[in-house]
file my_file-v3.pdb (PDB, C-alpha atoms)
ATOM      1  CA  ALA K1237     -28.689  60.567  23.860
ATOM      2  CA  ARG K1238     -27.369  60.689  27.396
ATOM      3  CA  LEU K1239     -28.990  63.592  29.224
ATOM      4  CA  SER K1240     -27.293  63.139  32.600
ATOM      5  CA  GLU K1241     -25.658  60.416  34.684
ATOM      6  CA  SER K1242     -29.112  58.984  35.393
ATOM      7  CA  SER K1243     -31.248  59.895  32.383
ATOM      8  CA  MET K1244     -31.431  59.814  28.606
ATOM      9  CA  LEU K1245     -33.485  61.071  25.702
ATOM     10  CA  ILE K1246     -34.952  58.334  23.499
ATOM     11  CA  THR K1247     -37.480  57.940  20.737
ATOM     12  CA  PRO K1248     -40.969  56.816  21.761
ATOM     13  CA  THR K1249     -42.245  53.312  21.255
ATOM     14  CA  GLY K1250     -44.325  52.691  18.144
ATOM     15  CA  CYS K1251     -43.309  55.867  16.330
ATOM     16  CA  SER K1252     -42.199  55.795  12.705
ATOM     17  CA  ALA K1253     -39.358  57.948  11.387
ATOM     18  CA  GLU K1254     -41.852  59.767   9.168
ATOM     19  CA  SER K1255     -44.094  60.793  12.054
ATOM     20  CA  LEU K1256     -41.358  61.521  14.612
ATOM     21  CA  ARG K1257     -41.166  65.135  15.827
ATOM     22  CA  PRO K1258     -38.737  66.712  18.326
ATOM     23  CA  SER K1259     -41.563  67.015  20.839
ATOM     24  CA  HIS K1260     -42.005  63.215  20.769
ATOM     25  CA  ILE K1261     -38.578  62.511  22.286
ATOM     26  CA  VAL K1262     -39.002  60.961  25.741
ATOM     27  CA  GLU K1263     -36.860  61.755  28.775
ATOM     28  CA  THR K1264     -36.318  58.461  30.567
ATOM     29  CA  SER K1265     -34.314  57.402  33.602
ATOM     30  CA  LEU K1266     -31.704  54.690  33.129
ATOM     31  CA  THR K1267     -34.068  52.405  35.050
ATOM     32  CA  GLY K1268     -36.904  52.986  32.575
ATOM     33  CA  GLU K1269     -39.119  55.498  34.378
ATOM     34  CA  SER K1270     -40.520  58.387  32.377
ATOM     35  CA  SER K1271     -43.274  60.937  32.647
ATOM     36  CA  GLY K1272     -45.397  62.351  29.883
ATOM     37  CA  LYS K1273     -47.833  61.028  27.331
ATOM     38  CA  LEU K1274     -45.430  58.917  25.272
ATOM     39  CA  ARG K1275     -43.644  55.785  26.447
ATOM     40  CA  PRO K1276     -39.929  55.246  25.703
ATOM     41  CA  SER K1277     -38.807  52.810  23.018
ATOM     42  CA  SER K1278     -39.221  49.167  23.990
ATOM     43  CA  GLU K1279     -35.429  48.962  23.527
ATOM     44  CA  TRP K1280     -34.677  51.512  26.256
ATOM     45  CA  ALA K1281     -32.756  48.899  28.305
ATOM     46  CA  MET K1282     -30.119  48.454  25.570
ATOM     47  CA  HIS K1283     -29.440  52.174  25.549
ATOM     48  CA  ALA K1284     -29.439  52.443  29.350
ATOM     49  CA  GLU K1285     -26.991  49.541  29.758
ATOM     50  CA  VAL K1286     -24.510  51.177  27.400
ATOM     51  CA  TYR K1287     -24.711  54.472  29.313
ATOM     52  CA  GLN K1288     -24.260  52.653  32.628
ATOM     53  CA  ARG K1289     -21.261  50.604  31.421
ATOM     54  CA  VAL K1290     -19.475  53.153  29.208
ATOM     55  CA  PRO K1291     -19.068  56.565  30.867
ATOM     56  CA  GLY K1292     -17.847  58.128  27.598
ATOM     57  CA  ALA K1293     -20.936  57.048  25.666
ATOM     58  CA  LYS K1294     -23.089  60.088  25.029
ATOM     59  CA  ALA K1295     -25.308  58.601  22.303
ATOM     60  CA  VAL K1296     -26.567  55.186  21.198
ATOM     61  CA  VAL K1297     -28.102  54.301  17.824
ATOM     62  CA  HIS K1298     -30.136  51.131  17.232
ATOM     63  CA  THR K1299     -31.115  50.131  13.691
ATOM     64  CA  HIS K1300     -32.358  47.287  11.547
ATOM     65  CA  ALA K1301     -30.157  48.322   8.598
ATOM     66  CA  ASP K1302     -30.461  45.796   5.769
ATOM     67  CA  HIS K1303     -26.932  44.428   5.328
ATOM     68  CA  ALA K1304     -25.986  44.386   9.003
ATOM     69  CA  THR K1305     -29.299  42.772   9.906
ATOM     70  CA  ALA K1306     -28.749  40.148   7.190
ATOM     71  CA  LEU K1307     -25.416  39.225   8.820
ATOM     72  CA  ALA K1308     -27.098  39.205  12.229
ATOM     73  CA  CYS K1309     -29.740  36.813  10.886
ATOM     74  CA  LEU K1310     -26.996  34.605   9.466
ATOM     75  CA  ARG K1311     -25.406  34.843  12.919
ATOM     76  CA  LYS K1312     -22.114  35.952  11.420
ATOM     77  CA  PRO K1313     -19.913  38.399  13.313
ATOM     78  CA  ILE K1314     -17.678  40.550  11.121
ATOM     79  CA  PRO K1315     -14.034  39.407  11.245
ATOM     80  CA  ALA K1316     -10.953  41.401  10.241
ATOM     81  CA  PHE K1317     -11.674  41.161   6.503
ATOM     82  CA  HIS K1318     -10.968  44.905   6.090
ATOM     83  CA  TYR K1319      -8.753  47.233   8.098
ATOM     84  CA  MET K1320     -11.668  49.603   8.786
ATOM     85  CA  VAL K1321     -13.167  46.999  11.145
ATOM     86  CA  ARG K1322     -10.629  48.421  13.621
ATOM     87  CA  ALA K1323     -12.435  51.780  13.546
ATOM     88  CA  LEU K1324     -15.258  50.101  15.492
ATOM     89  CA  GLY K1325     -12.940  49.317  18.386
ATOM     90  CA  GLY K1326     -11.354  45.927  17.792
ATOM     91  CA  ASP K1327     -10.322  43.167  15.434
ATOM     92  CA  ASP K1328     -13.929  42.174  14.782
ATOM     93  CA  VAL K1329     -17.505  43.326  15.170
ATOM     94  CA  PRO K1330     -19.088  40.980  17.711
ATOM     95  CA  LEU K1331     -22.426  39.256  17.372
ATOM     96  CA  ILE K1332     -24.600  39.006  20.472
ATOM     97  CA  ASP K1333     -26.575  35.803  20.906
ATOM     98  CA  TYR K1334     -30.278  36.025  20.203
ATOM     99  CA  LEU K1335     -32.338  37.376  23.077
ATOM    100  CA  PRO K1336     -35.924  38.632  22.810
ATOM    101  CA  PHE K1337     -36.268  42.303  21.881
ATOM    102  CA  GLY K1338     -37.078  44.741  24.651
ATOM    103  CA  THR K1339     -35.713  42.530  27.442
ATOM    104  CA  ARG K1340     -33.264  43.459  30.166
ATOM    105  CA  GLU K1341     -31.242  40.375  29.153
ATOM    106  CA  LEU K1342     -30.738  41.799  25.668
ATOM    107  CA  GLY K1343     -29.832  45.131  27.234
ATOM    108  CA  ARG K1344     -27.193  43.551  29.467
ATOM    109  CA  ALA K1345     -25.660  41.530  26.605
ATOM    110  CA  ALA K1346     -25.558  44.535  24.278
ATOM    111  CA  GLY K1347     -24.144  46.776  26.988
ATOM    112  CA  ALA K1348     -21.386  44.257  27.719
ATOM    113  CA  ALA K1349     -20.473  44.025  24.025
ATOM    114  CA  LEU K1350     -20.210  47.794  23.701
ATOM    115  CA  GLU K1351     -17.854  48.143  26.653
ATOM    116  CA  ALA K1352     -14.979  47.192  24.331
ATOM    117  CA  ARG K1353     -16.434  48.081  20.910
ATOM    118  CA  SER K1354     -18.388  50.954  19.419
ATOM    119  CA  ALA K1355     -20.758  48.671  17.469
ATOM    120  CA  CYS K1356     -22.180  45.170  17.515
ATOM    121  CA  LEU K1357     -24.647  42.945  15.707
ATOM    122  CA  LEU K1358     -27.704  41.590  17.530
ATOM    123  CA  ALA K1359     -28.537  38.053  16.370
ATOM    124  CA  ASN K1360     -31.757  37.880  14.339
ATOM    125  CA  HIS K1361     -32.455  41.501  15.170
ATOM    126  CA  GLY K1362     -30.226  44.393  14.043
ATOM    127  CA  THR K1363     -27.423  46.642  15.265
ATOM    128  CA  LEU K1364     -26.323  48.818  18.142
ATOM    129  CA  ALA K1365     -23.630  51.515  18.091
ATOM    130  CA  ARG K1366     -22.349  54.081  20.565
ATOM    131  CA  GLY K1367     -20.308  57.247  20.433
ATOM    132  CA  GLY K1368     -19.028  60.216  22.365
ATOM    133  CA  THR K1369     -21.452  62.358  20.359
ATOM    134  CA  LEU K1370     -24.629  61.687  18.426
ATOM    135  CA  LYS K1371     -22.669  62.173  15.194
ATOM    136  CA  ALA K1372     -20.036  59.635  16.315
ATOM    137  CA  ALA K1373     -22.730  57.043  17.119
ATOM    138  CA  PHE K1374     -24.396  57.712  13.758
ATOM    139  CA  ASP K1375     -21.054  57.479  11.935
ATOM    140  CA  ALA K1376     -20.331  54.135  13.642
ATOM    141  CA  THR K1377     -23.753  52.921  12.481
ATOM    142  CA  VAL K1378     -23.053  53.990   8.892
ATOM    143  CA  LEU K1379     -19.612  52.341   8.972
ATOM    144  CA  LEU K1380     -21.119  49.138  10.357
ATOM    145  CA  GLU K1381     -23.649  49.030   7.522
ATOM    146  CA  THR K1382     -20.921  49.735   4.929
ATOM    147  CA  LEU K1383     -18.664  46.988   6.299
ATOM    148  CA  SER K1384     -21.623  44.610   6.469
ATOM    149  CA  ARG K1385     -22.430  45.214   2.790
ATOM    150  CA  GLN K1386     -18.781  44.772   1.804
ATOM    151  CA  TYR K1387     -18.441  41.587   3.863
ATOM    152  CA  LEU K1388     -21.600  40.110   2.335
ATOM    153  CA  LEU K1389     -20.255  40.922  -1.155
ATOM    154  CA  ALA K1390     -16.916  39.312  -0.315
ATOM    155  CA  LEU K1391     -18.672  36.212   1.049
ATOM    156  CA  ALA K1392     -20.768  35.983  -2.128
ATOM    157  CA  ALA K1393     -17.592  35.962  -4.233
ATOM    158  CA  GLY K1394     -15.715  33.417  -2.113
ATOM    159  CA  LYS K1395     -13.878  33.182   1.183
ATOM    160  CA  PRO K1396     -12.508  36.574   2.271
ATOM    161  CA  VAL K1397      -8.833  36.708   3.236
ATOM    162  CA  LEU K1398      -8.656  37.932   6.817
ATOM    163  CA  LEU K1399      -6.056  40.281   8.205
ATOM    164  CA  GLY K1400      -3.913  38.791  10.945
ATOM    165  CA  ALA K1401      -3.394  40.065  14.463
ATOM    166  CA  ALA K1402      -0.101  41.789  13.522
ATOM    167  CA  GLU K1403      -1.748  43.550  10.585
ATOM    168  CA  MET K1404      -4.630  44.727  12.748
ATOM    169  CA  ALA K1405      -2.141  45.865  15.408
ATOM    170  CA  ASP K1406      -0.453  48.016  12.735
ATOM    171  CA  VAL K1407      -3.861  49.567  11.977
ATOM    172  CA  ALA K1408      -4.390  50.309  15.662
TER     173      ALA K1408
END

call {"tool": "encode", "arguments": {"input": "my_file-v3.pdb", "output": "structure tokens"}}
result
Amino acid sequence: ARLSESSMLITPTGCSAESLRPSHIVETSLTGESSGKLRPSSEWAMHAEVYQRVPGAKAVVHTHADHATALACLRKPIPAFHYMVRALGGDDVPLIDYLPFGTRELGRAAGAALEARSACLLANHGTLARGGTLKAAFDATVLLETLSRQYLLALAAGKPVLLGAAEMADVA
């Protein structure tokens, strides 16, 4: 979560969800500096880039949710197969090219994608979502996983019929 214009709160590196405690959360600058015993997540740069590029972003969620990650590993962005795709900020959910995890390059690419969208897929990796609140970022993550599951089911049954630009404009 964004703490200020120059800092954020982030989970520590190497910590599992089961062992995570509120006291483990790391305050980190948007340039990666932190103090304390625990180091910030190796993915801190993705979060920082979003905060630097999107002033309204107050929270960022990164996951390896099953269905969305499967699409990311297939290197398939999510097109306008369902009108709810629009709820994530556009007529599709973009896929960022593969870049090694924990790199500034991945951070820059993810940050650029989330300037115009509230969620994206990270090729061969997972997902990233942003919101004006922690709940909004979480809700975008849940919606992305739901749409990913639905799109995979539609692909398994055949070729999904996509909504056109006029239909998506009506949704907007």

call {"tool": "closest_residue", "arguments": {"input": "my_file-v3.pdb", "among": "K:Val1378, K:Leu1399, K:Val1286, K:Ala1348", "to": "K:Leu1266", "atoms": "all atoms listed in the file"}}
result
K:Val1286

call {"tool": "closest_residue", "arguments": {"input": "my_file-v3.pdb", "among": "K:Cys1251, K:Ala1316, K:Leu1239, K:Leu1358", "to": "K:Val1397", "atoms": "all atoms listed in the file"}}
result
K:Ala1316

call {"tool": "resolve_selection", "arguments": {"input": "my_file-v3.pdb", "expression": "the PyMOL selection byres ((chain K and resi 1359) around 6)", "output": "list in words"}}
result
Ala1308, Cys1309, Arg1311, Ile1332, Asp1333, Tyr1334, Leu1358, Asn1360 and His1361 of chain K

call {"tool": "residues_around", "arguments": {"input": "my_file-v3.pdb", "residues": "K:Arg1322", "least_positions_apart": "5", "cutoff": "8 Å", "atoms": "all atoms listed in the file", "output": "PyMOL selection string"}}
result
chain K and resi 1316+1327-1328+1404+1407-1408

call {"tool": "resolve_selection", "arguments": {"input": "my_file-v3.pdb", "expression": "the PyMOL selection byres ((chain K and resi 1363) around 7)", "output": "MDAnalysis selection string"}}
result
chainID K and resid 1298:1300 1304:1305 1356:1358 1362 1364:1365

call {"tool": "closest_atom_pairs", "arguments": {"input": "my_file-v3.pdb", "of": "stretch 1320-1356 of chain K", "to": "stretch 1273-1284 of chain K", "cutoff": "6 Å", "atoms": "all atoms listed in the file", "output": "CSV"}}
result
residue,atom,partner,partner_atom,distance
K:Gly1338,CA,K:Glu1279,CA,4.7
K:Arg1340,CA,K:Ala1281,CA,5.8
K:Gly1343,CA,K:Met1282,CA,3.7

call {"tool": "closest_residue", "arguments": {"input": "my_file-v3.pdb", "among": "K:Leu1383, K:Ala1372, K:Ala1390, K:Leu1256", "to": "K:Ala1293", "atoms": "only C-alpha atoms"}}
result
K:Ala1372

call {"tool": "axis_aligned_box", "arguments": {"input": "my_file-v3.pdb", "around": "stretch 1336-1351 of chain K", "padding_each_side": "6 Å", "output": "AutoDock Vina command-line options"}}
result
--center_x -27.5 --center_y 43.4 --center_z 26.0 --size_x 31.2 --size_y 21.5 --size_z 20.3

call {"tool": "atom_distance", "arguments": {"input": "my_file-v3.pdb", "atom1": "atom CA of K:Tyr1387", "atom2": "atom CA of K:Ala1352"}}
result
21.5 Å

call {"tool": "closest_residue", "arguments": {"input": "my_file-v3.pdb", "among": "K:Ser1252, K:Pro1315, K:Pro1258, K:Val1290", "to": "K:Gln1386", "atoms": "all atoms listed in the file"}}
result
K:Pro1315

call {"tool": "residues_near_point", "arguments": {"input": "my_file-v3.pdb", "point": "(-28.8, 58.4, 32.1)", "cutoff": "7 Å", "atoms": "all atoms listed in the file", "output": "list in words"}}
result
Arg1238, Leu1239, Ser1240, Glu1241, Ser1242, Ser1243, Met1244, Ser1265, Leu1266, Ala1284 and Tyr1287 of chain K

call {"tool": "atom_distance", "arguments": {"input": "my_file-v3.pdb", "atom1": "atom CA of K:Ala1306", "atom2": "atom CA of K:Glu1254"}}
result
23.7 Å

call {"tool": "atom_distance", "arguments": {"input": "my_file-v3.pdb", "atom1": "atom CA of K:Glu1351", "atom2": "atom CA of K:Thr1369"}}
result
16.0 Å

call {"tool": "closest_residue", "arguments": {"input": "my_file-v3.pdb", "among": "K:Arg1385, K:Lys1294, K:Lys1395, K:Arg1353", "to": "K:Leu1370", "atoms": "only C-alpha atoms"}}
result
K:Lys1294

call {"tool": "closest_residue", "arguments": {"input": "my_file-v3.pdb", "among": "K:Leu1350, K:Leu1245, K:Ala1405, K:Leu1342", "to": "K:Pro1291", "atoms": "all atoms listed in the file"}}
result
K:Leu1350

call {"tool": "resolve_selection", "arguments": {"input": "my_file-v3.pdb", "expression": "the PyMOL selection byres ((chain K and resi 1324) around 7)", "output": "PyMOL selection string"}}
result
chain K and resi 1321-1323+1325-1326+1353-1355+1376

call {"tool": "decode", "arguments": {"input": "my_file-v3.pdb", "residues": "stretch 1336-1352 of chain K", "atoms": "C-alpha atoms", "output": "PDB file, in the first residue's frame"}}
result
ATOM      1  CA  PRO K1336      12.912 -11.767 -15.146  1.00  0.00           C
ATOM      2  CA  PHE K1337      11.185 -11.455 -11.773  1.00  0.00           C
ATOM      3  CA  GLY K1338      12.470  -8.826  -9.385  1.00  0.00           C
ATOM      4  CA  THR K1339      14.030  -6.651 -12.101  1.00  0.00           C
ATOM      5  CA  ARG K1340      13.577  -2.941 -12.664  1.00  0.00           C
ATOM      6  CA  GLU K1341      12.739  -3.777 -16.301  1.00  0.00           C
ATOM      7  CA  LEU K1342       9.753  -5.841 -15.181  1.00  0.00           C
ATOM      8  CA  GLY K1343       8.768  -3.024 -12.843  1.00  0.00           C
ATOM      9  CA  ARG K1344       8.855  -0.451 -15.640  1.00  0.00           C
ATOM     10  CA  ALA K1345       6.846  -2.656 -18.034  1.00  0.00           C
ATOM     11  CA  ALA K1346       4.226  -3.464 -15.400  1.00  0.00           C
ATOM     12  CA  GLY K1347       3.987   0.158 -14.307  1.00  0.00           C
ATOM     13  CA  ALA K1348       3.455   1.273 -17.908  1.00  0.00           C
ATOM     14  CA  ALA K1349       0.695  -1.308 -18.411  1.00  0.00           C
ATOM     15  CA  LEU K1350      -1.135  -0.177 -15.288  1.00  0.00           C
ATOM     16  CA  GLU K1351      -1.163   3.475 -16.314  1.00  0.00           C
ATOM     17  CA  ALA K1352      -4.205   2.727 -18.492  1.00  0.00           C
TER      18      ALA K1352
END
